[in-house]
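*Asks:* The structure that follows is given in the form of structure tokens.
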Amino acid sequence: MSAAPLLELDRVSKRFGGLQAVNNLSFTINEGEILGLIGPNGAGKSTLFNLINGVFAPNTGKITFDGVDITGEKPFIVARHGLARTHQIVQPLTNMTVFENCTVGACFGKDNKPLQRARGAAEAAIALTGLDDRRDMLALHLTIAGKKRLELARALAAEPKLLLLDEVLAGLNPTEVEHMIGVIRKIRESGVTILIIEHLMQAIMSLSDRIVVLNYGEKLAEGLPAEVASDTAVIEAYLGDPKLAAELEGHA
Amino acid sequence: MLRRPFFYVIALVIAAFAGLPLIGNNVELRESLVLACVYITLASNLNLMLGYAGYINFGSIVFFGLGGYICVWLIYAHDWPLAVSLLAAGVGVSALALIFGLGILRLRGAFFALSTIGIVEGVQAFAENFTPWGGSSGIYISPQVFQPLGGPARALWVIYFAFVAVMGASLYLSYAIKTSKFGLGLLAIGQNEDAAAILGVPTPRYKALAYSASAFLPAIAGGLYFFKSAFIQPSDAFDLTLSTEAIVICMLGGQGTVSGVALGAFLYEQLRGYLLTSSTFANFQLTIAGVLLLLIVLFFPSGLMGFIYSRLPIAKKVLE
């Protein structure tokens with residue numbers, strides 16, 4: 001593991017009108033790690049993703065990715081540095097096939113690959129996410145689970161160093177969740193660092209190496225899954241239900 | 001590109017356009033095909049914005065008119081040879097489009113569409129008040145300019161072959177862009193611009209480049225067209241009707257396809273020719289175009305090509 005973190009947020013803040021969505025937030029992600037990001041609805045998790053990949057520019061603070069200052073850079077510049085993401089609300093290129101969707105991801109992601117090489121990366125991402133049988137289907141005809149996989153495949157095709165996963169498990173049935181967790185583990189084994197937002201507690205507790213808890217745009221806690229789950233502030237602010245907390249503690 | 005059958009389909013179309021009027025020196029057919037070439041050129045290049053990048057450009061005619069003005073003016077005022085004037089028109093209008101594009105392509109949807117109409121109005125007002133371009137009465141060039149091309153009769157043939165070349169180049173440009181990485185990026189923008197940017201497509205640059213590329217050949221076509229008529233005035237050069245017709249053609253043929261748009265342009269020109277010369281419909285030509293657009297949008301949103309693909313899936317392997 002290199003000494004410098006792969007991604008570093010330094011006192012990042014974002015305000016929308018009267019709402020302080022993210023407030024003076026700092027944390028780091030090390031290479032090869034899976035960092036879980038949890039927090040109640042409206043805690044600022046998705047906004048944080050949008051700040052990292054350049055959809056919004058932060059009002060204050062600094063974001064460093066792989067040694068490069070990417071604060072306020074446009075999304076397509078950030079993507080070129082090797083940072084890919086999925087969306088909580090799926091954003092397929094509807095009238096293009098699964099393969100074409102992935103080729104776009106591969107072409108314009110890290111390395112700025114030429115078309116021919118991009119096709120190879122797209123095929124690999126499709127195979128890894130298990131979309132082989134739907135390779136030539138239009139994205140518009142996929143089921144929700146299929147579209148979620150496509151989000152992941154497209155991001156992977158870019159061969160990123162860091163992958164931001166925004167609730168890829170939401171809305172999936174238990175079998176699909178299990179498959180998706182398997183895929184995420186395989187991605188990590190291939191050397192990709194992952195920052196994941198997830199509401200499925202069991203899943204995120206078992207997947208993550210470390211967890212950051214957000215509440216009202218501020219960092220409430222940070223640590224190993226077991227530490228976070230037994231943190232009284234977290235239980236009170238987020239989990240609320242002591243029975244659920246006990247269950248999680250047992251699991252971790 | 002050379003190994004794909006579509007490359008030869010385009011070559012065949014060019015050969016047919018160039019060859020057919022030569023049989024029996026058929027001047028009437030030649031003049032009808034000149035208009036077909038103009039429509040195919042305008043629609044194919046509009047398709048780069050409309051069909052690929054998903055931006056509705058109501059003002060594509062401005063490239064044609066401005067190209068015409070630059071070319072005619074260079075010949076009239078500076079005695080430049082036709083070929084050089086045409087190239088200057090193409091390059092000049094493309095460069096202007098790049099500058100305008102970087103500005104107005106920050107707008108989306110209806111706002112972009114409106115701004116493109118604004119550009120036509122603005123450029124037309126400029127031409128009407130710019131004395132070197134003859135203001136609202138325009139520029140006449142003397143028939144003497146046809147002399148270097150071997151006299152008027154022969155010049156018309158030379159101009160015709162130049163039109164066919166511009167049309168052919170438009171088809172190859174559409175095809176080359178569609179099968180390139182640039183084209184893939186444009187198609188992604190057309191589907192979902194925000195998602196495309198997040199996937200890494202440099203959206204502002206790609207849109208401006210597409211807008212600029214879509215200006216080059218129409219500007220040359222405009223130069224040829226107004227050189228041929230030896231006269232240019234603002235109301236002819238910047239006629240919004242032609243812009244609107246180009247949009248109808250893209251929808252009719254199947255926006256985003258190369259062959260559909262070309263076929264649509266050809267059929268539309270034939271229909272238009274028929275309507276204009278028929279005593280019953282002569283005054284209703286645009287009404288019919290409007291009804292046609294309505295019917296297509298309602299019942300055949302993917303146009304002629306969508307229909308052909310659904311009936312004949314093998315066509316997908318040959319045509320683009």
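Going by the structure tokens order, chains are called A, B, ..., each with residues numbered from 1, while ligands are numbered from 1 in the order shown.
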Residues of chain B were defined as contacting chain A if any atom lay at most 8 Å from it, counting only C-alpha atoms; please report them as an mmCIF file with C-alpha atoms, in the first residue's frame.
*Replies:*
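Full text of out19.cif as output:
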```cif
data_model
loop_
_atom_site.group_PDB
_atom_site.id
_atom_site.type_symbol
_atom_site.label_atom_id
_atom_site.label_comp_id
_atom_site.auth_asym_id
_atom_site.auth_seq_id
_atom_site.Cartn_x
_atom_site.Cartn_y
_atom_site.Cartn_z
ATOM 1 C CA SER B 180 -15.654 6.512 -34.765
ATOM 2 C CA LYS B 181 -15.008 7.128 -31.106
ATOM 3 C CA LEU B 184 -19.883 7.105 -30.047
ATOM 4 C CA GLY B 185 -19.379 10.058 -27.724
ATOM 5 C CA ALA B 188 -23.948 9.032 -25.811
ATOM 6 C CA GLN B 191 -29.008 9.693 -25.152
ATOM 7 C CA ASN B 192 -28.153 11.267 -21.810
ATOM 8 C CA ALA B 195 -24.451 10.407 -17.898
ATOM 9 C CA ALA B 196 -22.135 10.799 -20.905
ATOM 10 C CA ALA B 197 -20.102 13.483 -19.118
ATOM 11 C CA ILE B 198 -19.797 11.300 -16.030
ATOM 12 C CA LEU B 199 -18.590 8.437 -18.233
ATOM 13 C CA GLY B 200 -15.853 10.775 -19.423
ATOM 14 C CA VAL B 201 -17.194 12.161 -22.716
ATOM 15 C CA PRO B 202 -15.783 15.711 -23.049
ATOM 16 C CA THR B 203 -19.253 17.071 -23.812
#
```
*Asks:* Which residues are near segment 31-34 of chain A? Cut-off 8 Å, only C-alpha atoms, ignore same chain within fewer than 2 positions. Put them as a list in words.
*Replies:*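 That gives Met1, Ser2, Pro5, Leu6, Ile29, Gly36, Arg188, Gly191, Val192, Thr193, Ile194, Leu195, Ile196, Leu207, Ser208, Asp209 and Arg210 of chain A.
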*Asks:* Would you pick out the contacts of segment 255-259 of chain B at 6 Å or less, using only C-alpha atoms, so that residues sharing its chain but fewer than 5 positions from it are not included, and give the list as a PyMOL selection string?
*Replies:* chain B and resi 51-52+250+320
*Asks:* Using Å and a single decimal, report how far atom CA of Phe161 of chain B sits from atom CA of Leu22 of chain B.
*Replies:* 10.7 Å
*Asks:* I'd like to know which of B:Glu193, B:Phe130, B:Gly101, B:Phe226 is closest to Arg205 of chain B, using only C-alpha atoms.
*Replies:*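 Among the listed residues, the smallest separation from Arg205 of chain B belongs to B:Gly101.
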*Asks:* Quick one, how far is atom CA of Phe300 of chain B from atom CA of Asn283 of chain B?
*Replies:*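 Calculated distance between atom CA of Phe300 of chain B and atom CA of Asn283 of chain B is 26.2 Å.
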*Asks:* Counting only C-alpha atoms, what is within 6 Å of Arg135 of chain A, bar same-chain residues fewer than 2 positions away, as a list in words?
*Replies:*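 Answer for this query is Val98, Phe99, Asp132, Asp133 and Met137 of chain A.
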*Asks:* Between atom CA of Lys14 of chain A and atom CA of Asn59 of chain A, what distance in Å does the model show, to one decimal?
*Replies:*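 We find that atom CA of Lys14 of chain A and atom CA of Asn59 of chain A lie 5.2 Å from each other.
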*Asks:* If we count only C-alpha atoms and set the cut-off at 9 Å, which residues sit around segment 289-292 of chain B, ignoring sequence neighbours fewer than 4 positions away in its own chain? Please answer as a PyMOL selection string.
*Replies:* chain B and resi 245+248+252+268+272+284-285+296-297
*Asks:* Hey, can you spit out that residue selection with N, CA and C atoms as a PDB file, in the first residue's frame?
*Replies:*
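And here's out02.pdb as it stands now:
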```pdb
ATOM      1  N   GLU B 245     -37.286  22.156 -43.389  1.00  0.00           N
ATOM      2  CA  GLU B 245     -37.392  20.988 -44.265  1.00  0.00           C
ATOM      3  C   GLU B 245     -36.308  19.961 -43.932  1.00  0.00           C
ATOM      4  N   VAL B 248     -37.509  17.976 -41.071  1.00  0.00           N
ATOM      5  CA  VAL B 248     -38.540  17.023 -41.511  1.00  0.00           C
ATOM      6  C   VAL B 248     -37.874  15.814 -42.166  1.00  0.00           C
ATOM      7  N   LEU B 252     -38.164  12.010 -41.155  1.00  0.00           N
ATOM      8  CA  LEU B 252     -38.757  11.130 -42.158  1.00  0.00           C
ATOM      9  C   LEU B 252     -37.857   9.931 -42.415  1.00  0.00           C
ATOM     10  N   TYR B 268     -38.043  13.303 -50.269  1.00  0.00           N
ATOM     11  CA  TYR B 268     -38.693  14.578 -49.964  1.00  0.00           C
ATOM     12  C   TYR B 268     -38.546  15.538 -51.140  1.00  0.00           C
ATOM     13  N   ARG B 272     -41.523  17.138 -53.158  1.00  0.00           N
ATOM     14  CA  ARG B 272     -41.602  18.587 -53.224  1.00  0.00           C
ATOM     15  C   ARG B 272     -41.686  19.048 -54.679  1.00  0.00           C
ATOM     16  N   PHE B 284     -49.614  24.400 -51.366  1.00  0.00           N
ATOM     17  CA  PHE B 284     -49.734  23.671 -50.101  1.00  0.00           C
ATOM     18  C   PHE B 284     -48.488  22.887 -49.743  1.00  0.00           C
ATOM     19  N   GLN B 285     -47.416  23.113 -50.481  1.00  0.00           N
ATOM     20  CA  GLN B 285     -46.224  22.294 -50.306  1.00  0.00           C
ATOM     21  C   GLN B 285     -45.776  22.218 -48.854  1.00  0.00           C
ATOM     22  N   ILE B 296     -45.279  11.412 -38.961  1.00  0.00           N
ATOM     23  CA  ILE B 296     -44.073  10.635 -38.668  1.00  0.00           C
ATOM     24  C   ILE B 296     -43.831  10.580 -37.165  1.00  0.00           C
ATOM     25  N   VAL B 297     -43.903  11.767 -36.528  1.00  0.00           N
ATOM     26  CA  VAL B 297     -43.631  11.834 -35.091  1.00  0.00           C
ATOM     27  C   VAL B 297     -44.612  10.953 -34.332  1.00  0.00           C
TER      28      VAL B 297
END
```
*Asks:* Which residues come within 10 Å of Glu31 of chain B, counting only C-alpha atoms, excluding same-chain residues fewer than 6 positions away, as number ranges by chain?
*Replies:* B: 21, 37, 156-157, 160
*Asks:* Could those selected residues go to a file with C-alpha atoms, as a compact mmCIF listing (two decimals), in the first residue's frame?
*Replies:*
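So part29.txt came out as:
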```txt
# COMPACT_ATOMS: atom_id res chain seq x y z
CA PRO B 21 -27.74 12.59 -66.15
CA CYS B 37 -27.78 16.87 -53.62
CA LEU B 156 -23.26 23.83 -65.18
CA TRP B 157 -21.90 20.31 -65.57
CA TYR B 160 -23.16 19.58 -60.89
```
*Asks:* Run DSSP on the backbone and give me the residues of segment 140-288 of chain B it puts in alpha helix (DSSP H), as an mmCIF file with C-alpha atoms, in the first residue's frame.
*Replies:*
```cif
data_model
loop_
_atom_site.group_PDB
_atom_site.id
_atom_site.type_symbol
_atom_site.label_atom_id
_atom_site.label_comp_id
_atom_site.auth_asym_id
_atom_site.auth_seq_id
_atom_site.Cartn_x
_atom_site.Cartn_y
_atom_site.Cartn_z
ATOM 1 C CA GLY B 151 -18.502 28.695 -70.666
ATOM 2 C CA PRO B 152 -21.992 28.541 -69.051
ATOM 3 C CA ALA B 153 -23.126 25.215 -70.530
ATOM 4 C CA ARG B 154 -20.036 23.345 -69.468
ATOM 5 C CA ALA B 155 -19.862 25.212 -66.151
ATOM 6 C CA LEU B 156 -23.256 23.828 -65.175
ATOM 7 C CA TRP B 157 -21.899 20.306 -65.568
ATOM 8 C CA VAL B 158 -18.773 21.131 -63.558
ATOM 9 C CA ILE B 159 -20.932 22.632 -60.819
ATOM 10 C CA TYR B 160 -23.164 19.581 -60.889
ATOM 11 C CA PHE B 161 -20.245 17.195 -60.366
ATOM 12 C CA ALA B 162 -19.031 19.426 -57.540
ATOM 13 C CA PHE B 163 -22.492 19.134 -55.929
ATOM 14 C CA VAL B 164 -22.325 15.341 -56.253
ATOM 15 C CA ALA B 165 -18.863 15.385 -54.652
ATOM 16 C CA VAL B 166 -20.123 17.512 -51.733
ATOM 17 C CA MET B 167 -23.090 15.186 -51.278
ATOM 18 C CA GLY B 168 -20.823 12.131 -51.376
ATOM 19 C CA ALA B 169 -18.452 13.745 -48.890
ATOM 20 C CA SER B 170 -21.433 14.441 -46.603
ATOM 21 C CA LEU B 171 -22.417 10.784 -46.637
ATOM 22 C CA TYR B 172 -18.866 9.628 -45.962
ATOM 23 C CA LEU B 173 -18.475 12.200 -43.190
ATOM 24 C CA SER B 174 -21.694 11.018 -41.503
ATOM 25 C CA TYR B 175 -20.577 7.427 -41.860
ATOM 26 C CA ALA B 176 -17.000 8.026 -40.679
ATOM 27 C CA ILE B 177 -18.198 9.947 -37.623
ATOM 28 C CA LYS B 178 -20.814 7.348 -36.780
ATOM 29 C CA LYS B 181 -15.008 7.128 -31.106
ATOM 30 C CA PHE B 182 -16.110 10.743 -31.644
ATOM 31 C CA GLY B 183 -19.423 9.444 -33.001
ATOM 32 C CA LEU B 184 -19.883 7.105 -30.047
ATOM 33 C CA GLY B 185 -19.379 10.058 -27.724
ATOM 34 C CA LEU B 186 -21.937 12.123 -29.671
ATOM 35 C CA LEU B 187 -24.489 9.303 -29.572
ATOM 36 C CA ALA B 188 -23.948 9.032 -25.811
ATOM 37 C CA ILE B 189 -24.555 12.793 -25.481
ATOM 38 C CA GLY B 190 -27.727 12.368 -27.524
ATOM 39 C CA GLN B 191 -29.008 9.693 -25.152
ATOM 40 C CA GLU B 193 -25.742 14.162 -21.707
ATOM 41 C CA ASP B 194 -25.147 14.134 -17.947
ATOM 42 C CA ALA B 195 -24.451 10.407 -17.898
ATOM 43 C CA ALA B 196 -22.135 10.799 -20.905
ATOM 44 C CA ALA B 197 -20.102 13.483 -19.118
ATOM 45 C CA ILE B 198 -19.797 11.300 -16.030
ATOM 46 C CA THR B 203 -19.253 17.071 -23.812
ATOM 47 C CA PRO B 204 -18.610 20.806 -24.477
ATOM 48 C CA ARG B 205 -15.758 20.084 -26.885
ATOM 49 C CA TYR B 206 -17.553 17.259 -28.705
ATOM 50 C CA LYS B 207 -20.745 19.270 -29.178
ATOM 51 C CA ALA B 208 -18.858 22.294 -30.515
ATOM 52 C CA LEU B 209 -16.806 20.092 -32.858
ATOM 53 C CA ALA B 210 -19.959 18.401 -34.168
ATOM 54 C CA TYR B 211 -21.623 21.774 -34.692
ATOM 55 C CA SER B 212 -18.557 23.028 -36.532
ATOM 56 C CA ALA B 213 -18.216 19.855 -38.638
ATOM 57 C CA SER B 214 -21.892 20.097 -39.585
ATOM 58 C CA ALA B 215 -21.210 23.581 -41.012
ATOM 59 C CA PHE B 216 -18.366 22.762 -43.417
ATOM 60 C CA LEU B 217 -20.068 20.943 -46.301
ATOM 61 C CA PRO B 218 -23.345 22.929 -46.204
ATOM 62 C CA ALA B 219 -21.252 26.099 -46.514
ATOM 63 C CA ILE B 220 -19.562 24.709 -49.623
ATOM 64 C CA ALA B 221 -22.946 23.602 -50.997
ATOM 65 C CA GLY B 222 -24.225 27.149 -50.391
ATOM 66 C CA GLY B 223 -21.225 28.569 -52.237
ATOM 67 C CA LEU B 224 -21.901 26.310 -55.205
ATOM 68 C CA TYR B 225 -25.626 26.997 -55.157
ATOM 69 C CA PHE B 226 -25.356 30.787 -55.193
ATOM 70 C CA PHE B 227 -22.426 30.738 -57.621
ATOM 71 C CA LYS B 228 -24.627 28.684 -59.928
ATOM 72 C CA SER B 229 -27.470 31.207 -59.761
ATOM 73 C CA PRO B 234 -30.449 37.744 -47.667
ATOM 74 C CA SER B 235 -34.026 36.458 -47.939
ATOM 75 C CA ASP B 236 -32.926 33.566 -50.208
ATOM 76 C CA ALA B 237 -29.709 32.780 -48.383
ATOM 77 C CA LEU B 240 -35.765 29.259 -42.507
ATOM 78 C CA THR B 241 -38.043 27.059 -44.611
ATOM 79 C CA LEU B 242 -35.067 25.052 -45.830
ATOM 80 C CA SER B 243 -33.874 24.572 -42.226
ATOM 81 C CA THR B 244 -37.260 23.252 -41.229
ATOM 82 C CA GLU B 245 -37.392 20.988 -44.265
ATOM 83 C CA ALA B 246 -34.020 19.512 -43.285
ATOM 84 C CA ILE B 247 -35.481 18.617 -39.883
ATOM 85 C CA VAL B 248 -38.540 17.023 -41.511
ATOM 86 C CA ILE B 249 -36.172 15.001 -43.713
ATOM 87 C CA CYS B 250 -34.154 13.713 -40.739
ATOM 88 C CA MET B 251 -37.340 12.637 -38.972
ATOM 89 C CA LEU B 252 -38.757 11.130 -42.158
ATOM 90 C CA GLY B 253 -35.653 9.107 -42.947
ATOM 91 C CA VAL B 258 -26.895 7.755 -42.602
ATOM 92 C CA SER B 259 -28.854 5.981 -45.321
ATOM 93 C CA GLY B 260 -32.284 6.879 -43.926
ATOM 94 C CA VAL B 261 -31.562 10.588 -43.920
ATOM 95 C CA ALA B 262 -30.147 10.447 -47.462
ATOM 96 C CA LEU B 263 -33.101 8.419 -48.710
ATOM 97 C CA GLY B 264 -35.501 10.751 -46.889
ATOM 98 C CA ALA B 265 -33.877 13.782 -48.506
ATOM 99 C CA PHE B 266 -34.134 12.229 -51.947
ATOM 100 C CA LEU B 267 -37.783 11.234 -51.520
ATOM 101 C CA TYR B 268 -38.693 14.578 -49.964
ATOM 102 C CA GLU B 269 -37.117 16.438 -52.876
ATOM 103 C CA GLN B 270 -39.057 14.292 -55.354
ATOM 104 C CA LEU B 271 -42.301 14.874 -53.473
ATOM 105 C CA ARG B 272 -41.602 18.587 -53.224
ATOM 106 C CA GLY B 273 -40.869 18.765 -56.948
ATOM 107 C CA TYR B 274 -44.132 17.018 -57.680
ATOM 108 C CA LEU B 275 -46.164 19.236 -55.357
ATOM 109 C CA LEU B 276 -44.620 22.462 -56.633
ATOM 110 C CA THR B 277 -45.386 21.638 -60.249
ATOM 111 C CA GLN B 285 -46.224 22.294 -50.306
ATOM 112 C CA LEU B 286 -45.279 23.369 -46.761
ATOM 113 C CA THR B 287 -48.650 22.385 -45.332
ATOM 114 C CA ILE B 288 -48.058 18.898 -46.616
#
```
*Asks:* Using only C-alpha atoms, which protein or nucleic acid residues come within 7 Å of Leu86 of chain B? Drop anything in the same chain fewer than 3 positions from it, and give the result as a list of chain:residue names.
*Replies:* B:Cys71, B:Leu82, B:Ala83, B:Ala89, B:Gly90, B:Ile220, B:Gly223
